[in-house]
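Shown next, in structure tokens, is the structure this report addresses.
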Amino acid sequence: MKASMRTAGDWIARHLVLMIGLLVLLYMLTPVFVVVLMSFNQPAGRNTYTFDGFTLDNWTNLCEPYQLCSSVGLSLEIGLLATLVATLLGTLMAFAMVRHRFRGRAAANVFIFLPMATPEIVLGSSLLALFVSSGLAGKLGFWTIFVAHVMFCLSFVVVTVKARLAGMDPRLEQAAADLYANEWQTFWRVSFPLVFPGILAAALLSFSLSFDDFIITNLNAGQEVTFPMFVWGANTKGIPMQINVIGTMMFAIALIVVVVGEFGSRRRGRAVL
Amino acid sequence: MAEPVTAGSEDLVLAGLTKKYGDFAAVDALDLTVPSGSFFALLGPSGCGKTTTLRMVAGLEVPTAGTVTLAGEDITRLKPYRRPVNTVFQSYALFPHLTIRDNVAFGPRRKGVSKREAAAEVNRMLDLVELGEYAGRKPAQLSGGQQQRVALARALINHPQVLLLDEPLGALDLKLRRQMQLELKRIQIDVGLTFIHVTHDQEEAMTMADTVAVMNQGRIEQMGAPEELYDLPRTTFVANFLGRSNLVAGSVTGTAGEEVSVQLDGGTVTAPVERAATAEGKVWVGVRPEKVHLKPAGDPAGGRGNELRDAVVSDVSFAGVSTEYVVRLPSGQELMVFEQNHTSQRRLHSGDRVDLTWAPEHTFLLDAAQDASAGTQFDDE
């Protein structure tokens, strides 16, 4: 008896870290599982939060709730465009700030953090004030949302790419230059492939920030309705289960992008010669 | 060479080369000619400006003033990728995302060599550094010594007019280092290129280089063949940094023919006039520890010309091939003496009274205005 107790105790001691890790993972992923599960829910009434039965209807009649698909379309459009612009600008900024010494660099390093540190609600309302006082009242919509999203994504891109770039030995770029690569070749053959995981992470982060954003968007959207705004609105009269389908799809796409990105960066090494 | 070449036409010439960071001159009006085809070492403690000099030759650093001329062409402002110069970096700087093959092929490919030709050349190069079977691996999968050889292959494949080596052996352990020193020397003789080797290791510089330039505080202290520098240092820094030296204060009493006489605390010594950096006033009398012989105090036999009497052995350490003595002069100054361990010779002990003796032709005289301890603080590097 005692021996078996000791064995059990040893087993627990050996696997304690693993078990805690699994619990934390479970804690993190439970909401995601709920989303996936609820996407197959056959709700009993309008305002239900319980799993009442299995169905594929939510997947097949995706666009049934009014404005659902158009709001997702708008969010995707803004998300992709804002990600593209923010990633491009942010990557260039990160290169400038890590690789070059210039007047005001230290200040720029601090200012980069300001949009991240400012409460979203404050940013949103001040943006609205800015837009209105610039004569855009009544013209709020796609482009004001886009401008707002690029603005708050930018800091995150700069910080992410900077971190990756700072870990990269500047002598690699010097070695490339020493080996007859001009600035353009050095960037594409050495800097970019090595920083790419950082850029990809920044782009994914931007997209999810943009796709997700409610507060700033809600204040500056005019008559447009993005996906988070649609969910917020639907919440008052009962959330359609199709929202969970959209959630599951986004989750699956993000997963695929990460896996493909990882695979691609492993392969890229061979393609250079 | 069959064709008569204009003397020095292929040389690398640095003229008035200066690099300033604010008020600090990392390299201070350096004038230097590196003969084509030579193995040249820039030797100095860290922070002496040797790496900055190298980077200016590579084009990675823009000089504040002065010019870099290679084979008659001014390359001072040329971009690094337009110079027929390649570098082996201290950290190797291999591209971590590329295979060894692609790393080595990087230079030729950028120069427009076709894939096929580059591949053949890469194989030849990897065979030269004995890494043919590692071609498909990534740098992180290789040991330090192997990475070092890849870095060398990656630079050599371009047949640069000048190969720059920035402390390339610094990260290797002692044994591998000695092995790579011989290897590098062999490759340099094989390919016949100009090698400029930057190092703070005086032994490495002396073993490998045809010419050593000792650098200190942005300037060249002295330049010449290793044996020449060791035999006749012209500054206290060189005397101490390159090997070790005993420096004793004295004043010149006169010059008779080819000999300079110097009055010391414990007697008078002489030195050939051509070995005197300065032949009047106050001087440092220098002699290398292994050139000095110890004999029992007062023994008239076995004298070698110059003598310092009535010293006491204060420390003895046995080092295999030799025994290293520390000997205190009556003035209190301590000198080093290295004696070969010949079987016939009697070992001395701490407290023994001895006379020091050495030949005048092993004596050198330095300017007393210089700091006698310059260059000693770097012993541990």
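Starting from 1 in every chain, residues are counted up; chains themselves are A, B, ... following the order of the structure tokens, and ligands are numbered from 1 as listed.
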
(request) Return the neighbours of chain A among the residues of chain B, cut-off 7 Å, counting only C-alpha atoms, as a list in words. (result)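 That gives the following set of residues: Leu60, Pro80, Tyr81, Arg82, Asn86, Thr87, Ala93, Leu94, Phe95, His97, Leu98, Thr99, Asp102, Phe106, Gly107, Arg110 and Lys111 of chain B.
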
Selected residues, N, CA and C atoms, written as a PDB file, in the first residue's frame, please.
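Listed below is the output, out_19.pdb:
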ATOM      1  N   LEU B  60      32.733  48.885 -45.030  1.00  0.00           N
ATOM      2  CA  LEU B  60      31.628  48.830 -44.081  1.00  0.00           C
ATOM      3  C   LEU B  60      31.629  50.040 -43.158  1.00  0.00           C
ATOM      4  N   PRO B  80      30.631  48.526 -50.434  1.00  0.00           N
ATOM      5  CA  PRO B  80      31.323  47.255 -50.154  1.00  0.00           C
ATOM      6  C   PRO B  80      31.151  46.225 -51.269  1.00  0.00           C
ATOM      7  N   TYR B  81      29.960  46.206 -51.909  1.00  0.00           N
ATOM      8  CA  TYR B  81      29.721  45.184 -52.921  1.00  0.00           C
ATOM      9  C   TYR B  81      30.388  45.498 -54.253  1.00  0.00           C
ATOM     10  N   ARG B  82      31.069  46.651 -54.327  1.00  0.00           N
ATOM     11  CA  ARG B  82      31.806  46.955 -55.550  1.00  0.00           C
ATOM     12  C   ARG B  82      33.307  46.785 -55.359  1.00  0.00           C
ATOM     13  N   ASN B  86      37.037  40.685 -49.722  1.00  0.00           N
ATOM     14  CA  ASN B  86      36.056  39.913 -48.952  1.00  0.00           C
ATOM     15  C   ASN B  86      36.528  39.746 -47.515  1.00  0.00           C
ATOM     16  N   THR B  87      35.557  39.531 -46.642  1.00  0.00           N
ATOM     17  CA  THR B  87      35.843  39.520 -45.214  1.00  0.00           C
ATOM     18  C   THR B  87      35.429  38.197 -44.585  1.00  0.00           C
ATOM     19  N   ALA B  93      29.269  35.312 -39.306  1.00  0.00           N
ATOM     20  CA  ALA B  93      28.135  35.910 -40.027  1.00  0.00           C
ATOM     21  C   ALA B  93      27.655  35.035 -41.177  1.00  0.00           C
ATOM     22  N   LEU B  94      27.554  33.743 -40.949  1.00  0.00           N
ATOM     23  CA  LEU B  94      26.966  32.857 -41.962  1.00  0.00           C
ATOM     24  C   LEU B  94      25.467  33.109 -41.988  1.00  0.00           C
ATOM     25  N   PHE B  95      24.861  32.993 -43.176  1.00  0.00           N
ATOM     26  CA  PHE B  95      23.425  33.221 -43.269  1.00  0.00           C
ATOM     27  C   PHE B  95      22.692  32.010 -42.695  1.00  0.00           C
ATOM     28  N   HIS B  97      19.676  31.067 -42.588  1.00  0.00           N
ATOM     29  CA  HIS B  97      18.549  30.469 -43.303  1.00  0.00           C
ATOM     30  C   HIS B  97      18.993  29.748 -44.563  1.00  0.00           C
ATOM     31  N   LEU B  98      20.286  29.801 -44.880  1.00  0.00           N
ATOM     32  CA  LEU B  98      20.773  29.154 -46.095  1.00  0.00           C
ATOM     33  C   LEU B  98      21.642  27.947 -45.745  1.00  0.00           C
ATOM     34  N   THR B  99      21.665  26.980 -46.657  1.00  0.00           N
ATOM     35  CA  THR B  99      22.541  25.830 -46.457  1.00  0.00           C
ATOM     36  C   THR B  99      23.988  26.276 -46.647  1.00  0.00           C
ATOM     37  N   ASP B 102      24.577  27.093 -50.235  1.00  0.00           N
ATOM     38  CA  ASP B 102      24.046  28.399 -50.655  1.00  0.00           C
ATOM     39  C   ASP B 102      24.826  29.545 -50.035  1.00  0.00           C
ATOM     40  N   PHE B 106      26.806  32.288 -52.410  1.00  0.00           N
ATOM     41  CA  PHE B 106      26.189  33.619 -52.359  1.00  0.00           C
ATOM     42  C   PHE B 106      26.958  34.657 -53.174  1.00  0.00           C
ATOM     43  N   GLY B 107      28.276  34.732 -52.961  1.00  0.00           N
ATOM     44  CA  GLY B 107      29.090  35.725 -53.668  1.00  0.00           C
ATOM     45  C   GLY B 107      29.065  35.522 -55.181  1.00  0.00           C
ATOM     46  N   ARG B 110      25.781  36.448 -56.806  1.00  0.00           N
ATOM     47  CA  ARG B 110      25.528  37.887 -56.896  1.00  0.00           C
ATOM     48  C   ARG B 110      26.370  38.510 -57.995  1.00  0.00           C
ATOM     49  N   LYS B 111      27.516  37.899 -58.269  1.00  0.00           N
ATOM     50  CA  LYS B 111      28.375  38.434 -59.339  1.00  0.00           C
ATOM     51  C   LYS B 111      27.904  37.972 -60.704  1.00  0.00           C
TER      52      LYS B 111
END

Each residue of region 153-240 of chain A with at least one atom at most 7 Å from region 138-141 of chain A should appear once, together with its nearest atom pair and the corresponding distance in Å (one decimal); atoms considered: only C-alpha atoms; ordering: chain, then increasing residue number; output as JSON lines.
{"residue": "A:Asn220", "atom": "CA", "partner": "A:Leu140", "partner_atom": "CA", "distance": 6.2}
{"residue": "A:Ala221", "atom": "CA", "partner": "A:Gly141", "partner_atom": "CA", "distance": 4.7}
{"residue": "A:Gly222", "atom": "CA", "partner": "A:Leu140", "partner_atom": "CA", "distance": 4.5}
{"residue": "A:Gln223", "atom": "CA", "partner": "A:Gly141", "partner_atom": "CA", "distance": 6.4}
{"residue": "A:Glu224", "atom": "CA", "partner": "A:Gly141", "partner_atom": "CA", "distance": 5.6}

(request) Calculate how many Å separate CA of Ala225 (chain B) from CA of Thr211 (chain B), rounding to one decimal. (result) 4.6 Å

(request) Between CA of Leu81 (chain A) and CA of Met93 (chain A), measure the distance and give it in Å to one decimal. (result)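 These atoms are spaced 18.2 Å apart.
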
What's the 9 Å shell around Glu339 (chain B), counting only C-alpha atoms, without same-chain residues fewer than 2 positions away, as a compact mmCIF listing (two decimals) with N, CA and C atoms, in the first residue's frame?
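Contents of part.txt, as written:
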# COMPACT_ATOMS: atom_id res chain seq x y z
N PRO B 289 63.64 38.52 -21.58
CA PRO B 289 63.93 37.65 -20.42
C PRO B 289 64.78 36.43 -20.78
N GLU B 290 64.58 35.85 -21.99
CA GLU B 290 65.31 34.63 -22.32
C GLU B 290 66.74 34.92 -22.77
N LYS B 291 67.08 36.19 -22.97
CA LYS B 291 68.43 36.54 -23.38
C LYS B 291 69.34 36.74 -22.16
N VAL B 292 68.72 36.79 -20.99
CA VAL B 292 69.50 37.06 -19.77
C VAL B 292 69.92 35.74 -19.14
N HIS B 293 71.16 35.72 -18.65
CA HIS B 293 71.68 34.53 -17.99
C HIS B 293 71.99 34.87 -16.53
N LEU B 294 71.67 33.91 -15.63
CA LEU B 294 71.97 34.14 -14.21
C LEU B 294 73.23 33.38 -13.84
N VAL B 321 59.94 23.47 -20.44
CA VAL B 321 61.14 23.70 -21.25
C VAL B 321 62.07 24.72 -20.62
N SER B 322 61.50 25.58 -19.78
CA SER B 322 62.35 26.60 -19.17
C SER B 322 61.94 26.81 -17.72
N THR B 323 62.81 27.55 -17.03
CA THR B 323 62.45 27.96 -15.67
C THR B 323 62.38 29.48 -15.67
N GLU B 324 61.28 30.01 -15.10
CA GLU B 324 61.11 31.45 -15.11
C GLU B 324 61.44 32.01 -13.73
N TYR B 325 62.45 32.87 -13.71
CA TYR B 325 62.87 33.48 -12.46
C TYR B 325 62.41 34.92 -12.40
N VAL B 337 63.70 36.55 -15.87
CA VAL B 337 64.77 35.82 -16.54
C VAL B 337 64.27 34.42 -16.86
N ASN B 341 66.02 24.75 -19.58
CA ASN B 341 66.33 23.70 -18.61
C ASN B 341 67.30 22.68 -19.20
N HIS B 342 68.58 23.08 -19.31
CA HIS B 342 69.60 22.12 -19.71
C HIS B 342 69.90 21.25 -18.51

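Minimum atom-to-atom distance to Arg55 (chain B), evaluated using only C-alpha atoms, belongs to B:Asp166 out of B:Met125, B:Asp74, B:Asp166, B:Leu142.
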
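Using only C-alpha atoms, the nearest neighbour of Leu128 (chain B) within the list B:Ala153, B:Gly145, B:Ala372, B:Gly47 is B:Ala153.
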
(message) Can you pull out the residues contacting region 344-359 of chain B? Cut-off 10 Å, using only C-alpha atoms, and skip same-chain residues under 2 positions away; I want them as an MDAnalysis selection string.
(response) chainID B and resid 269:271 287:300 302:318 323 325:329 335 337 339:342 361:363

Write to file, as an mmCIF file, in the first residue's frame, the residues of the selection just made, with C-alpha atoms.
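In the end it all went to selection21.cif:
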data_model
loop_
_atom_site.group_PDB
_atom_site.id
_atom_site.type_symbol
_atom_site.label_atom_id
_atom_site.label_comp_id
_atom_site.auth_asym_id
_atom_site.auth_seq_id
_atom_site.Cartn_x
_atom_site.Cartn_y
_atom_site.Cartn_z
ATOM 1 C CA VAL B 269 76.015 48.465 -19.973
ATOM 2 C CA THR B 270 76.536 48.939 -23.687
ATOM 3 C CA ALA B 271 74.327 48.524 -26.743
ATOM 4 C CA VAL B 287 66.435 43.065 -22.833
ATOM 5 C CA ARG B 288 64.222 40.025 -23.425
ATOM 6 C CA PRO B 289 63.935 37.655 -20.424
ATOM 7 C CA GLU B 290 65.314 34.634 -22.316
ATOM 8 C CA LYS B 291 68.426 36.541 -23.383
ATOM 9 C CA VAL B 292 69.496 37.063 -19.774
ATOM 10 C CA HIS B 293 71.676 34.529 -17.993
ATOM 11 C CA LEU B 294 71.968 34.142 -14.210
ATOM 12 C CA LYS B 295 75.276 33.294 -12.545
ATOM 13 C CA PRO B 296 76.289 33.046 -8.893
ATOM 14 C CA ALA B 297 77.006 36.461 -7.418
ATOM 15 C CA GLY B 298 80.600 37.572 -7.806
ATOM 16 C CA ASP B 299 81.560 34.703 -10.119
ATOM 17 C CA PRO B 300 83.873 36.305 -12.700
ATOM 18 C CA GLY B 302 80.429 33.233 -17.646
ATOM 19 C CA GLY B 303 79.945 36.962 -18.148
ATOM 20 C CA ARG B 304 78.390 37.966 -21.495
ATOM 21 C CA GLY B 305 79.300 41.623 -21.608
ATOM 22 C CA ASN B 306 76.527 43.478 -19.825
ATOM 23 C CA GLU B 307 76.115 42.775 -16.134
ATOM 24 C CA LEU B 308 73.869 43.758 -13.257
ATOM 25 C CA ARG B 309 75.271 42.640 -9.947
ATOM 26 C CA ASP B 310 74.014 41.743 -6.495
ATOM 27 C CA ALA B 311 70.499 40.696 -7.360
ATOM 28 C CA VAL B 312 68.381 38.255 -5.375
ATOM 29 C CA VAL B 313 66.126 35.536 -6.788
ATOM 30 C CA SER B 314 62.657 36.318 -5.454
ATOM 31 C CA ASP B 315 60.528 33.804 -7.330
ATOM 32 C CA VAL B 316 61.095 30.595 -9.284
ATOM 33 C CA SER B 317 58.541 28.874 -11.461
ATOM 34 C CA PHE B 318 59.212 25.752 -13.435
ATOM 35 C CA THR B 323 62.452 27.959 -15.674
ATOM 36 C CA TYR B 325 62.872 33.484 -12.456
ATOM 37 C CA VAL B 326 61.886 36.788 -10.947
ATOM 38 C CA VAL B 327 65.012 38.579 -9.785
ATOM 39 C CA ARG B 328 65.149 41.669 -7.557
ATOM 40 C CA LEU B 329 67.821 44.274 -8.249
ATOM 41 C CA LEU B 335 63.224 41.602 -13.715
ATOM 42 C CA VAL B 337 64.771 35.820 -16.543
ATOM 43 C CA GLU B 339 66.568 29.941 -18.393
ATOM 44 C CA GLN B 340 66.441 26.895 -20.656
ATOM 45 C CA ASN B 341 66.327 23.702 -18.613
ATOM 46 C CA HIS B 342 69.602 22.115 -19.710
ATOM 47 C CA GLU B 361 73.832 42.837 -29.062
ATOM 48 C CA HIS B 362 70.681 41.707 -27.241
ATOM 49 C CA THR B 363 70.261 45.100 -25.626
#

(message) Need the shell around Asp201 (chain B): protein/DNA/RNA residues with any atom at most 9 Å away, counting only C-alpha atoms. Skip same-chain ones fewer than 4 positions apart. Format as number ranges by chain?
(response) B: 43-45, 167, 170, 205-206, 381

Could you write out that same residue set with C-alpha atoms as an mmCIF file, in the first residue's frame?
data_model
loop_
_atom_site.group_PDB
_atom_site.id
_atom_site.type_symbol
_atom_site.label_atom_id
_atom_site.label_comp_id
_atom_site.auth_asym_id
_atom_site.auth_seq_id
_atom_site.Cartn_x
_atom_site.Cartn_y
_atom_site.Cartn_z
ATOM 1 C CA LEU B 43 48.110 43.297 -34.101
ATOM 2 C CA GLY B 44 46.864 45.258 -31.136
ATOM 3 C CA PRO B 45 44.767 45.217 -27.978
ATOM 4 C CA GLU B 167 39.896 37.750 -35.452
ATOM 5 C CA GLY B 170 38.935 34.131 -31.667
ATOM 6 C CA ALA B 205 50.335 37.175 -35.464
ATOM 7 C CA MET B 206 53.964 36.079 -35.184
ATOM 8 C CA GLU B 381 44.032 38.444 -23.530
#

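Put simply, CA of Leu200 (chain A) is 12.5 Å away from CA of Phe263 (chain A).
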